[in-house]
$ cat upload_18.csv   # CSV, C-alpha atoms
chain,number,residue,atom,x,y,z
A,17,MET,CA,81.4,82.6,78.4
A,18,ARG,CA,81.6,81.8,74.7
A,19,LEU,CA,85.0,80.9,73.2
A,20,HIS,CA,85.9,82.7,70.0
A,21,ARG,CA,88.2,80.8,67.6
A,22,ASN,CA,90.6,83.6,66.7
A,23,LEU,CA,91.2,84.5,70.4
A,24,VAL,CA,91.7,80.9,71.5
A,25,PHE,CA,94.2,80.3,68.6
A,26,THR,CA,96.1,83.4,69.7
A,27,VAL,CA,96.3,82.0,73.3
A,28,ILE,CA,97.5,78.6,72.0
A,29,ASP,CA,100.2,80.1,69.8
A,30,SER,CA,101.4,82.3,72.7
A,31,LEU,CA,101.6,79.4,75.1
A,32,LEU,CA,103.7,77.4,72.6
A,33,ALA,CA,106.1,80.4,72.4
A,34,ILE,CA,106.4,80.7,76.2
A,35,PHE,CA,106.6,77.0,77.1
A,36,ASN,CA,108.6,75.6,74.2
A,37,GLU,CA,110.7,78.5,72.9
A,38,GLY,CA,111.5,80.1,76.2
A,39,GLU,CA,110.0,83.5,75.4
A,40,TYR,CA,109.0,85.8,78.2
A,41,ALA,CA,105.3,85.9,78.9
A,42,ASP,CA,105.1,89.8,79.1
A,43,LYS,CA,106.7,90.1,75.6
A,44,VAL,CA,104.5,87.4,74.1
A,45,VAL,CA,101.3,88.9,75.6
A,46,ALA,CA,102.3,92.4,74.3
A,47,ARG,CA,102.8,90.9,70.8
A,48,ALA,CA,99.5,88.9,71.0
A,49,LEU,CA,97.5,92.0,71.9
A,50,LYS,CA,98.7,93.7,68.7
A,51,LYS,CA,97.5,90.9,66.5
A,52,ASP,CA,94.1,92.2,65.6
A,53,LYS,CA,93.2,95.9,65.8
A,54,ARG,CA,89.5,95.0,65.7
A,55,TRP,CA,89.6,93.4,69.2
A,56,GLY,CA,87.8,95.3,71.9
A,57,SER,CA,88.9,95.6,75.5
A,58,ASN,CA,87.1,92.4,76.5
A,59,ASP,CA,88.9,90.4,73.8
A,60,ARG,CA,92.3,91.8,74.8
A,61,LYS,CA,91.5,91.1,78.4
A,62,PHE,CA,90.6,87.4,77.6
A,63,VAL,CA,93.8,86.9,75.7
A,64,ALA,CA,96.1,88.4,78.3
A,65,GLU,CA,94.5,87.0,81.4
A,66,THR,CA,94.1,83.5,79.9
A,67,ILE,CA,97.7,83.3,78.8
A,68,TYR,CA,98.9,84.4,82.3
A,69,GLU,CA,96.5,82.1,84.1
A,70,ILE,CA,97.6,79.0,82.1
A,71,VAL,CA,101.3,79.9,82.6
A,72,ARG,CA,100.7,80.4,86.3
A,73,TRP,CA,99.0,77.0,86.7
A,74,LYS,CA,101.1,75.1,84.1
A,75,ARG,CA,102.2,72.2,86.4
A,76,LEU,CA,98.7,71.6,87.7
A,77,TYR,CA,97.0,71.8,84.4
A,78,ALA,CA,99.6,69.6,82.6
A,79,GLU,CA,99.4,67.0,85.3
A,80,ILE,CA,95.6,66.9,85.0
A,81,ALA,CA,95.9,66.8,81.1
A,82,GLU,CA,98.5,64.0,81.4
A,83,VAL,CA,101.0,65.7,79.1
A,84,LYS,CA,104.7,66.2,79.5
A,85,GLU,CA,107.2,68.7,78.1
A,86,PRO,CA,108.1,69.5,75.4
A,87,TYR,CA,104.5,70.1,74.5
A,88,ASP,CA,103.2,69.7,71.0
A,89,ARG,CA,100.2,71.7,69.8
A,90,ASP,CA,97.7,68.9,70.8
A,91,ASN,CA,99.2,69.0,74.3
A,92,ILE,CA,98.6,72.7,74.6
A,93,TRP,CA,95.0,72.2,73.4
A,94,ARG,CA,94.5,69.6,76.2
A,95,ILE,CA,95.9,72.0,78.8
A,96,PHE,CA,93.6,74.7,77.5
A,97,ALA,CA,90.6,72.3,77.8
A,98,VAL,CA,91.5,71.7,81.4
A,99,TRP,CA,91.6,75.4,82.1
A,100,ALA,CA,88.2,75.9,80.4
A,101,VAL,CA,86.5,73.0,82.2
A,102,LEU,CA,87.8,74.2,85.6
A,103,ARG,CA,86.5,77.6,84.8
A,104,GLY,CA,83.1,76.2,84.0
A,105,ILE,CA,83.2,77.2,80.4
A,106,THR,CA,81.1,75.2,78.0
A,107,LEU,CA,83.5,73.7,75.3
A,108,PRO,CA,82.4,74.3,71.7
A,109,ASP,CA,82.1,71.4,69.3
A,110,TRP,CA,85.6,71.9,67.8
A,111,LYS,CA,87.7,68.9,66.9
A,112,TYR,CA,90.3,70.0,69.6
A,113,PHE,CA,87.9,69.3,72.4
A,114,GLU,CA,86.6,65.9,71.2
A,115,ASN,CA,86.5,63.4,74.0
A,116,THR,CA,87.5,65.9,76.7
A,117,PRO,CA,86.8,64.0,80.0
A,118,SER,CA,85.2,66.8,82.0
A,119,ARG,CA,84.3,64.7,85.0
A,120,LYS,CA,87.8,63.1,85.2
A,121,ILE,CA,89.4,66.6,85.0
A,122,LYS,CA,87.4,67.8,88.0
A,123,GLY,CA,88.2,64.7,90.0
A,124,ARG,CA,91.9,65.0,89.3
A,125,PHE,CA,91.8,68.6,90.3
A,126,ASP,CA,90.3,67.7,93.7
A,127,GLU,CA,92.9,65.0,94.2
A,128,LEU,CA,95.9,67.2,93.2
A,129,SER,CA,94.7,70.1,95.2
A,130,LYS,CA,95.7,68.2,98.4
A,131,ILE,CA,99.4,68.3,97.3
A,132,ARG,CA,101.1,71.7,97.6
A,133,LYS,CA,103.5,71.5,94.6
A,134,PHE,CA,100.5,70.8,92.4
A,135,LYS,CA,97.9,73.0,94.2
A,136,GLU,CA,100.3,76.0,94.0
A,137,SER,CA,101.8,74.8,90.7
A,138,ILE,CA,105.5,75.0,91.5
A,139,PRO,CA,108.7,73.0,90.7
A,140,ASP,CA,109.8,70.6,93.4
A,141,TRP,CA,113.2,72.3,94.0
A,142,MET,CA,111.5,75.7,94.5
A,143,ASP,CA,109.0,74.3,96.9
A,144,GLU,CA,111.8,72.6,98.9
A,145,LEU,CA,113.9,75.8,98.9
A,146,GLY,CA,110.9,77.9,100.1
A,147,VAL,CA,110.1,75.5,103.0
A,148,LYS,CA,113.8,75.5,104.0
A,149,GLU,CA,114.1,79.3,104.1
A,150,LEU,CA,110.6,80.4,105.3
A,151,GLY,CA,109.1,77.3,107.0
A,152,GLU,CA,106.0,75.3,105.9
A,153,THR,CA,103.4,77.7,107.1
A,154,LYS,CA,104.8,81.0,105.9
A,155,TRP,CA,105.9,79.5,102.5
A,156,SER,CA,102.4,78.1,101.9
A,157,LYS,CA,100.8,81.4,102.6
A,158,GLU,CA,103.3,83.2,100.4
A,159,LEU,CA,102.7,80.8,97.5
A,160,ASP,CA,99.0,81.3,97.8
A,161,ALA,CA,99.4,85.1,97.7
A,162,GLN,CA,101.9,84.9,94.8
A,163,ASN,CA,99.4,82.9,92.7
A,164,LYS,CA,96.9,85.7,92.8
A,165,GLN,CA,96.6,88.2,90.0
A,166,ALA,CA,98.8,91.3,90.6
A,167,GLU,CA,97.0,94.6,91.0
A,168,VAL,CA,97.7,97.6,88.8
A,169,ILE,CA,99.4,100.3,91.0
A,170,LEU,CA,100.4,103.7,89.9
A,171,ARG,CA,103.1,105.9,91.4
A,172,VAL,CA,102.2,109.6,91.1
A,173,ASN,CA,104.9,111.7,89.6
A,174,THR,CA,105.0,114.6,92.1
A,175,LEU,CA,107.2,116.7,89.8
A,176,LYS,CA,104.1,117.1,87.6
A,177,THR,CA,101.0,116.6,89.8
A,178,THR,CA,99.6,115.6,93.1
A,179,LYS,CA,97.9,112.3,94.2
A,180,GLU,CA,94.6,114.1,94.6
A,181,LYS,CA,94.7,115.8,91.2
A,182,LEU,CA,95.7,112.6,89.4
A,183,LYS,CA,92.9,110.6,91.2
A,184,ALA,CA,90.4,113.2,90.0
A,185,ILE,CA,91.7,113.1,86.4
A,186,LEU,CA,91.5,109.3,86.4
A,187,MET,CA,88.0,109.4,87.8
A,188,ASP,CA,87.0,111.5,84.8
A,189,LEU,CA,88.4,108.7,82.6
A,190,ASN,CA,86.2,106.2,84.5
A,191,ILE,CA,89.3,104.7,86.1
A,192,GLU,CA,88.6,104.4,89.9
A,193,THR,CA,91.5,104.2,92.3
A,194,TYR,CA,92.0,104.1,96.1
A,195,THR,CA,94.9,105.1,98.3
A,196,SER,CA,96.8,103.5,101.3
A,197,LYS,CA,98.4,105.5,104.1
A,198,GLU,CA,101.5,103.3,104.0
A,199,TYR,CA,102.3,104.2,100.4
A,200,PRO,CA,102.4,108.0,100.0
A,201,ASP,CA,102.6,108.1,96.2
A,202,ALA,CA,100.5,105.1,95.3
A,203,LEU,CA,97.1,105.0,93.6
A,204,ILE,CA,95.7,101.4,93.4
A,205,LEU,CA,93.2,100.7,90.6
A,206,LYS,CA,89.9,99.1,91.7
A,207,GLU,CA,89.7,97.4,88.3
A,208,ARG,CA,92.4,96.6,85.7
A,209,ALA,CA,92.6,99.1,82.9
A,210,ASN,CA,95.1,99.9,80.1
A,211,VAL,CA,96.5,103.1,81.7
A,212,PHE,CA,99.4,103.2,79.2
A,213,MET,CA,96.9,104.4,76.5
A,214,THR,CA,95.9,107.6,78.4
A,215,ASP,CA,97.3,111.0,77.6
A,216,ILE,CA,98.2,111.6,81.2
A,217,PHE,CA,100.6,108.6,81.1
A,218,LYS,CA,102.2,109.9,77.9
A,219,GLU,CA,102.6,113.3,79.6
A,220,GLY,CA,104.4,111.7,82.5
A,221,TYR,CA,101.9,112.2,85.3
A,222,PHE,CA,102.5,108.7,86.7
A,223,GLU,CA,104.5,105.4,86.3
A,224,VAL,CA,103.2,101.9,86.9
A,225,GLN,CA,105.1,100.6,89.9
A,226,ASP,CA,104.2,98.1,92.6
A,227,ALA,CA,103.5,99.5,96.1
A,228,SER,CA,106.3,97.5,97.7
A,229,SER,CA,108.8,98.8,95.2
A,230,GLN,CA,107.7,102.4,96.0
A,231,LEU,CA,108.9,102.0,99.6
A,232,VAL,CA,112.6,101.6,98.5
A,233,ALA,CA,113.2,105.3,97.4
A,234,TYR,CA,111.7,106.5,100.7
A,235,PHE,CA,113.9,104.1,102.7
A,236,LEU,CA,117.0,105.7,101.2
A,237,ASP,CA,116.2,109.0,102.9
A,238,VAL,CA,117.2,111.3,100.1
A,239,ALA,CA,116.9,115.1,100.0
A,240,PRO,CA,117.1,117.8,97.3
A,241,GLY,CA,120.7,118.8,96.6
A,242,MET,CA,122.3,115.4,97.4
A,243,ARG,CA,124.5,113.3,95.2
A,244,VAL,CA,122.7,110.0,94.9
A,245,VAL,CA,123.8,106.9,92.9
A,246,ASP,CA,121.4,104.2,91.7
A,247,THR,CA,123.9,101.4,90.9
A,248,CYS,CA,121.6,98.8,89.3
A,249,ALA,CA,119.1,101.2,87.8
A,250,GLY,CA,117.7,99.0,85.0
A,251,ALA,CA,114.9,100.8,83.2
A,252,GLY,CA,114.7,103.1,86.2
A,253,GLY,CA,111.4,102.9,88.1
A,254,LYS,CA,113.2,103.7,91.4
A,255,THR,CA,115.6,106.2,89.7
A,256,LEU,CA,112.5,108.3,88.7
A,257,HIS,CA,111.0,108.0,92.1
A,258,LEU,CA,114.3,109.2,93.7
A,259,ALA,CA,114.3,112.2,91.2
A,260,SER,CA,110.9,113.2,92.3
A,261,LEU,CA,111.8,112.9,96.0
A,262,MET,CA,114.9,115.1,95.3
A,263,GLU,CA,112.6,117.6,93.5
A,264,ASN,CA,114.9,117.5,90.5
A,265,LYS,CA,117.6,119.1,92.6
A,266,GLY,CA,121.1,117.7,93.1
A,267,GLN,CA,122.8,115.0,91.1
A,268,LEU,CA,121.3,111.6,90.5
A,269,ILE,CA,123.6,109.1,88.7
A,270,ALA,CA,121.8,106.1,87.2
A,271,MET,CA,124.2,103.2,86.4
A,272,ASP,CA,123.7,99.8,84.8
A,273,ILE,CA,125.7,97.1,83.0
A,274,TYR,CA,123.1,97.2,80.2
A,275,GLU,CA,123.2,100.3,77.9
A,276,SER,CA,119.8,99.3,76.4
A,277,LYS,CA,118.1,99.6,79.8
A,278,LEU,CA,119.6,103.1,80.4
A,279,LYS,CA,118.3,104.1,76.9
A,280,GLN,CA,114.8,103.1,78.1
A,281,LEU,CA,115.3,105.1,81.3
A,282,LYS,CA,116.4,108.2,79.3
A,283,LEU,CA,113.0,108.1,77.4
A,284,ARG,CA,111.1,107.6,80.7
A,285,ALA,CA,113.0,110.5,82.4
A,286,LYS,CA,112.2,112.8,79.5
A,287,ARG,CA,108.5,111.9,79.8
A,288,ASN,CA,108.6,112.4,83.6
A,289,GLY,CA,110.2,115.8,83.3
A,290,VAL,CA,113.3,114.6,85.2
A,291,HIS,CA,116.5,116.5,84.4
A,292,ASN,CA,118.9,115.8,87.3
A,293,VAL,CA,119.9,112.3,86.1
A,294,GLU,CA,123.2,111.3,84.6
A,295,PHE,CA,123.4,107.9,82.8
A,296,ARG,CA,126.6,105.8,83.1
A,297,VAL,CA,127.1,102.3,81.7
A,298,ILE,CA,129.2,100.1,83.9
A,299,ASP,CA,131.6,98.9,81.2
A,300,SER,CA,134.7,98.7,83.4
A,301,THR,CA,135.8,98.9,87.1
A,302,LYS,CA,137.0,102.5,86.4
A,303,VAL,CA,133.3,103.7,86.3
A,304,ILE,CA,132.9,102.6,90.0
A,305,LYS,CA,136.4,103.7,91.2
A,306,LYS,CA,135.8,107.3,90.0
A,307,LEU,CA,132.9,107.5,92.4
A,308,HIS,CA,134.6,106.0,95.5
A,309,GLU,CA,133.5,107.8,98.7
A,310,LYS,CA,131.7,110.5,96.7
A,311,ALA,CA,127.9,109.8,97.2
A,312,ASP,CA,125.6,110.9,100.0
A,313,ARG,CA,123.3,108.0,99.2
A,314,VAL,CA,123.7,104.8,97.2
A,315,LEU,CA,120.9,102.4,96.1
A,316,ILE,CA,121.8,98.8,95.4
A,317,ASP,CA,118.7,97.3,93.9
A,318,ALA,CA,120.5,94.0,93.5
A,319,PRO,CA,119.9,91.3,90.9
A,320,CYS,CA,117.9,88.5,92.6
A,321,SER,CA,115.8,85.4,92.1
A,322,GLY,CA,112.6,87.5,91.8
A,323,LEU,CA,110.7,85.1,94.1
A,324,GLY,CA,108.8,88.1,95.6
A,325,VAL,CA,107.3,89.0,92.3
A,326,LEU,CA,106.0,85.7,90.9
A,327,LYS,CA,102.4,87.1,90.7
A,328,ARG,CA,103.8,89.6,88.1
A,329,ASN,CA,106.1,87.1,86.4
A,330,PRO,CA,104.5,83.7,86.7
A,331,ASP,CA,106.7,82.3,83.9
A,332,SER,CA,109.8,82.8,86.0
A,333,LYS,CA,108.6,79.8,88.1
A,334,TRP,CA,109.5,77.7,85.0
A,335,LYS,CA,112.5,79.6,83.8
A,336,LEU,CA,114.4,79.8,87.1
A,337,GLN,CA,116.9,77.0,87.8
A,338,PRO,CA,118.5,76.0,91.2
A,339,GLU,CA,122.0,76.9,90.0
A,340,PHE,CA,120.8,80.5,89.2
A,341,ILE,CA,119.9,81.0,92.8
A,342,ASP,CA,123.4,80.0,93.9
A,343,ASN,CA,125.1,82.1,91.3
A,344,ILE,CA,122.9,85.2,92.0
A,345,LYS,CA,123.8,85.1,95.7
A,346,GLN,CA,127.5,85.3,94.7
A,347,VAL,CA,126.7,88.3,92.5
A,348,GLN,CA,124.8,90.0,95.3
A,349,ALA,CA,127.8,89.6,97.6
A,350,GLU,CA,130.2,91.0,95.0
A,351,VAL,CA,127.9,93.9,94.2
A,352,LEU,CA,127.7,94.8,97.9
A,353,GLN,CA,131.5,94.7,98.2
A,354,ASN,CA,132.1,96.9,95.1
A,355,TYR,CA,129.3,99.4,95.2
A,356,SER,CA,129.4,100.1,98.9
A,357,LYS,CA,132.7,101.9,98.3
A,358,ILE,CA,130.8,104.7,96.5
A,359,VAL,CA,129.2,105.8,99.8
A,360,LYS,CA,131.1,108.6,101.5
A,361,PRO,CA,131.8,108.7,105.3
A,362,GLY,CA,128.5,109.6,107.0
A,363,GLY,CA,126.5,108.6,103.9
A,364,LYS,CA,123.8,105.9,103.6
A,365,MET,CA,123.2,102.9,101.5
A,366,VAL,CA,120.1,100.7,100.8
A,367,TYR,CA,120.5,97.1,99.7
A,368,ALA,CA,117.2,95.9,98.2
A,369,THR,CA,115.8,92.8,96.4
A,370,CYS,CA,112.4,91.6,95.1
A,371,SER,CA,113.0,88.2,96.8
A,372,VAL,CA,111.5,86.7,99.9
A,373,LEU,CA,114.5,84.4,100.6
A,374,PRO,CA,116.5,85.3,103.8
A,375,SER,CA,119.6,84.0,102.1
A,376,GLU,CA,119.3,86.7,99.5
A,377,ASN,CA,118.3,89.3,102.0
A,378,GLU,CA,119.2,89.7,105.7
A,379,LYS,CA,121.8,87.0,105.5
A,380,GLN,CA,123.6,88.8,102.7
A,381,VAL,CA,123.6,92.0,104.8
A,382,GLN,CA,124.8,90.1,107.9
A,383,HIS,CA,127.6,88.6,105.9
A,384,PHE,CA,128.6,91.9,104.3
A,385,LEU,CA,128.9,93.6,107.8
A,386,THR,CA,131.6,90.9,108.7
A,387,THR,CA,133.8,91.7,105.7
A,388,GLU,CA,136.6,94.2,105.3
A,389,ALA,CA,134.4,96.6,103.3
A,390,GLY,CA,131.4,96.0,105.6
A,391,LYS,CA,133.3,96.9,108.8
A,392,ASP,CA,133.0,100.6,107.7
A,393,PHE,CA,129.2,100.4,107.9
A,394,SER,CA,126.6,100.1,110.7
A,395,PHE,CA,123.2,98.6,110.3
A,396,VAL,CA,120.4,101.1,110.7
A,397,LYS,CA,117.1,99.1,110.0
A,398,ASP,CA,115.5,96.8,107.5
A,399,LYS,CA,112.1,96.0,106.2
A,400,LYS,CA,110.8,92.5,105.0
A,401,VAL,CA,107.7,92.7,102.9
A,402,LEU,CA,105.9,89.4,102.2
A,403,ALA,CA,103.1,89.2,99.7
A,404,HIS,CA,100.7,87.4,102.0
A,405,GLU,CA,101.0,90.1,104.6
A,406,SER,CA,101.1,93.2,102.4
A,407,GLY,CA,98.9,92.1,99.5
A,408,PHE,CA,101.6,93.5,97.2
A,409,ASP,CA,105.0,92.2,95.9
A,410,GLY,CA,107.5,90.5,98.2
A,411,PHE,CA,110.5,92.8,98.8
A,412,TYR,CA,113.4,93.4,101.2
A,413,MET,CA,115.4,96.6,102.0
A,414,ALA,CA,118.1,97.3,104.4
A,415,LEU,CA,119.5,100.7,105.4
A,416,LEU,CA,123.2,100.9,106.3
A,417,GLU,CA,125.3,104.0,107.3
A,418,ARG,CA,128.9,104.5,106.6
A,419,LYS,CA,130.8,105.4,109.7
A,420,LYS,CA,132.4,108.9,109.7
$ encode --input "upload_18.csv" --output "structure tokens"
Amino acid sequence: MRLHRNLVFTVIDSLLAIFNEGEYADKVVARALKKDKRWGSNDRKFVAETIYEIVRWKRLYAEIAEVKEPYDRDNIWRIFAVWAVLRGITLPDWKYFENTPSRKIKGRFDELSKIRKFKESIPDWMDELGVKELGETKWSKELDAQNKQAEVILRVNTLKTTKEKLKAILMDLNIETYTSKEYPDALILKERANVFMTDIFKEGYFEVQDASSQLVAYFLDVAPGMRVVDTCAGAGGKTLHLASLMENKGQLIAMDIYESKLKQLKLRAKRNGVHNVEFRVIDSTKVIKKLHEKADRVLIDAPCSGLGVLKRNPDSKWKLQPEFIDNIKQVQAEVLQNYSKIVKPGGKMVYATCSVLPSENEKQVQHFLTTEAGKDFSFVKDKKVLAHESGFDGFYMALLERKK
């Protein structure tokens, strides 16, 4: 591979924004890809994948490069040189790469690969927490899986098409996909492609949604005509899936504390041909009280650490702090207490997270069932999805039923 100056400079600028200015990798990558309209698909692929790869392995590469935060521009060049040497790329004779110790880099890589926190490139506290909650063996396997590049997975919008028809349309666009029996609405891309540029995406034939996330709507056991509430809807991937499973019939209420996210969901719903959704901003406790005991089904896709989706958001390894985990567990407990009251007697509720930590998952549910509000519920079933077992994101979902 030959390095091109303008592409590499874009990568360097992007890494400075992510590491030093706290910007989110996905936003930085999206901005970087708009930098030069003359770039072809290979150029764009190089920029996006290199940024994500260096973000993912930041701790390992920085240790080999012998640089410490906050990084100056020269530090970022040294980290980039480590990435290039380990990838077997011949360094051009640019001043930034003068005196790059290629042999030493490879030797340090071999040494550090024997220590998990460097090998898997993870903060000490996160490594200790994972071992404490999942055990050495399971946590090591999970980290290895979370450091692999995430696949692109589509969820077929069954309000507009079928999986078979969409698969054929994509094939005509030279986008090959395969299916999995465990995921009824999923099409998995054999190779990465920019599916957002296709007309069929703009027409709402599919959404991009991880396979594990696609299990949640099915777990809620909805049917056409029901009143369903998605209490932490966000930008609405699961809301839209619920709408398709309800065949656009009944009432689906999408709620969130952020109005901006619900505005995004409105646009997505329109594109998807979804018209049974109401949007409600949770700006006071009244919004919840009005719905007490009125819903057949309630989804609580709770805020969480996101430790099940590190392969999609590698920068969260560096943004997360130990105190955030403690705070978010408190939020989860409060959300369960408050939003469970929306379920009517005989109705069902799903509590879900994209975390792999038992303290955010089954232990939250077990605690809830011992509380005053939780005594009205019985546990039906749960599902724990680990990335190293499924190949997809780590997820948790528990189905609870309110006693009649």
$ closest_residue --input "upload_18.csv" --among "A:Lys111, A:Lys157, A:Arg284, A:Arg89" --to "A:His257" --atoms "all atoms listed in the file"
A:Arg284
$ atom_distance --input "upload_18.csv" --atom1 "atom CA of A:Ile169" --atom2 "atom CA of A:Asp409"
11.0 Å
$ residues_near_point --input "upload_18.csv" --point "(83.2, 66.0, 82.2)" --cutoff "12 Å" --atoms "only C-alpha atoms" --output "VMD selection string"
chain A and resid 97 to 98 100 to 102 104 to 107 113 to 124
$ write_last_selection --input "upload_18.csv" --atoms "C-alpha atoms" --output "compact mmCIF listing (two decimals), in the frame of the given file"
# COMPACT_ATOMS: atom_id res chain seq x y z
CA ALA A 97 90.60 72.30 77.80
CA VAL A 98 91.50 71.70 81.40
CA ALA A 100 88.20 75.90 80.40
CA VAL A 101 86.50 73.00 82.20
CA LEU A 102 87.80 74.20 85.60
CA GLY A 104 83.10 76.20 84.00
CA ILE A 105 83.20 77.20 80.40
CA THR A 106 81.10 75.20 78.00
CA LEU A 107 83.50 73.70 75.30
CA PHE A 113 87.90 69.30 72.40
CA GLU A 114 86.60 65.90 71.20
CA ASN A 115 86.50 63.40 74.00
CA THR A 116 87.50 65.90 76.70
CA PRO A 117 86.80 64.00 80.00
CA SER A 118 85.20 66.80 82.00
CA ARG A 119 84.30 64.70 85.00
CA LYS A 120 87.80 63.10 85.20
CA ILE A 121 89.40 66.60 85.00
CA LYS A 122 87.40 67.80 88.00
CA GLY A 123 88.20 64.70 90.00
CA ARG A 124 91.90 65.00 89.30
$ atom_distance --input "upload_18.csv" --atom1 "atom CA of A:Gln280" --atom2 "atom CA of A:Phe295"
10.9 Å
$ closest_residue --input "upload_18.csv" --among "A:Ile316, A:Met262, A:Ala33, A:Ile269" --to "A:Tyr87" --atoms "all atoms listed in the file"
A:Ala33
$ closest_residue --input "upload_18.csv" --among "A:Gly250, A:Pro338, A:Thr301, A:Lys84" --to "A:Glu144" --atoms "only C-alpha atoms"
A:Pro338
$ closest_residue --input "upload_18.csv" --among "A:Asp272, A:Val396, A:Leu326, A:Leu256" --to "A:Ser300" --atoms "all atoms listed in the file"
A:Asp272
$ closest_residue --input "upload_18.csv" --among "A:Phe411, A:Phe35, A:Trp334, A:Phe25" --to "A:Asp226" --atoms "all atoms listed in the file"
A:Phe411
$ closest_residue --input "upload_18.csv" --among "A:Trp73, A:Tyr112, A:Tyr199, A:Phe384" --to "A:Pro139" --atoms "all atoms listed in the file"
A:Trp73
$ atom_distance --input "upload_18.csv" --atom1 "atom CA of A:Thr177" --atom2 "atom CA of A:Glu219"
10.8 Å
$ residues_around --input "upload_18.csv" --residues "A:Ile298" --least-positions-apart "2" --cutoff "9 Å" --atoms "all atoms listed in the file" --output "PDB file with C-alpha atoms, in the coordinates of the input"
ATOM      1  CA  THR A 247     123.900 101.400  90.900  1.00  0.00           C
ATOM      2  CA  MET A 271     124.200 103.200  86.400  1.00  0.00           C
ATOM      3  CA  ASP A 272     123.700  99.800  84.800  1.00  0.00           C
ATOM      4  CA  ILE A 273     125.700  97.100  83.000  1.00  0.00           C
ATOM      5  CA  TYR A 274     123.100  97.200  80.200  1.00  0.00           C
ATOM      6  CA  GLU A 275     123.200 100.300  77.900  1.00  0.00           C
ATOM      7  CA  ARG A 296     126.600 105.800  83.100  1.00  0.00           C
ATOM      8  CA  SER A 300     134.700  98.700  83.400  1.00  0.00           C
ATOM      9  CA  THR A 301     135.800  98.900  87.100  1.00  0.00           C
ATOM     10  CA  LYS A 302     137.000 102.500  86.400  1.00  0.00           C
ATOM     11  CA  VAL A 303     133.300 103.700  86.300  1.00  0.00           C
ATOM     12  CA  ILE A 304     132.900 102.600  90.000  1.00  0.00           C
TER      13      ILE A 304
END
$ residues_near_point --input "upload_18.csv" --point "(119.0, 102.5, 97.3)" --cutoff "8 Å" --atoms "all atoms listed in the file" --output "PyMOL selection string"
chain A and resi 232-233+235-236+245-246+313-317+365-368
$ build_atoms --input "upload_18.csv" --residues "stretch 122-134 of chain A" --atoms "N, CA and C atoms" --output "PDB file, in the frame of the given file"
ATOM      1  N   LYS A 122      87.768  67.289  86.688  1.00  0.00           N
ATOM      2  CA  LYS A 122      87.400  67.800  88.000  1.00  0.00           C
ATOM      3  C   LYS A 122      87.803  66.936  89.144  1.00  0.00           C
ATOM      4  N   GLY A 123      87.723  65.627  88.926  1.00  0.00           N
ATOM      5  CA  GLY A 123      88.200  64.700  90.000  1.00  0.00           C
ATOM      6  C   GLY A 123      89.647  64.769  90.228  1.00  0.00           C
ATOM      7  N   ARG A 124      90.442  64.853  89.131  1.00  0.00           N
ATOM      8  CA  ARG A 124      91.900  65.000  89.300  1.00  0.00           C
ATOM      9  C   ARG A 124      92.270  66.280  89.973  1.00  0.00           C
ATOM     10  N   PHE A 125      91.529  67.336  89.663  1.00  0.00           N
ATOM     11  CA  PHE A 125      91.800  68.600  90.300  1.00  0.00           C
ATOM     12  C   PHE A 125      91.587  68.513  91.818  1.00  0.00           C
ATOM     13  N   ASP A 126      90.530  67.866  92.242  1.00  0.00           N
ATOM     14  CA  ASP A 126      90.300  67.700  93.700  1.00  0.00           C
ATOM     15  C   ASP A 126      91.373  66.876  94.348  1.00  0.00           C
ATOM     16  N   GLU A 127      91.867  65.838  93.666  1.00  0.00           N
ATOM     17  CA  GLU A 127      92.900  65.000  94.200  1.00  0.00           C
ATOM     18  C   GLU A 127      94.241  65.801  94.360  1.00  0.00           C
ATOM     19  N   LEU A 128      94.629  66.465  93.256  1.00  0.00           N
ATOM     20  CA  LEU A 128      95.900  67.200  93.200  1.00  0.00           C
ATOM     21  C   LEU A 128      95.944  68.403  94.105  1.00  0.00           C
ATOM     22  N   SER A 129      94.774  68.946  94.387  1.00  0.00           N
ATOM     23  CA  SER A 129      94.700  70.100  95.200  1.00  0.00           C
ATOM     24  C   SER A 129      95.105  69.863  96.686  1.00  0.00           C
ATOM     25  N   LYS A 130      95.283  68.590  97.018  1.00  0.00           N
ATOM     26  CA  LYS A 130      95.700  68.200  98.400  1.00  0.00           C
ATOM     27  C   LYS A 130      97.265  68.227  98.483  1.00  0.00           C
ATOM     28  N   ILE A 131      97.945  68.342  97.333  1.00  0.00           N
ATOM     29  CA  ILE A 131      99.400  68.300  97.300  1.00  0.00           C
ATOM     30  C   ILE A 131      99.937  69.680  96.904  1.00  0.00           C
ATOM     31  N   ARG A 132     100.710  70.328  97.801  1.00  0.00           N
ATOM     32  CA  ARG A 132     101.100  71.700  97.600  1.00  0.00           C
ATOM     33  C   ARG A 132     101.768  72.008  96.256  1.00  0.00           C
ATOM     34  N   LYS A 133     102.710  71.161  95.849  1.00  0.00           N
ATOM     35  CA  LYS A 133     103.500  71.500  94.600  1.00  0.00           C
ATOM     36  C   LYS A 133     102.571  71.476  93.384  1.00  0.00           C
ATOM     37  N   PHE A 134     101.447  70.728  93.443  1.00  0.00           N
ATOM     38  CA  PHE A 134     100.500  70.800  92.400  1.00  0.00           C
ATOM     39  C   PHE A 134      99.442  71.887  92.619  1.00  0.00           C
TER      40      PHE A 134
END
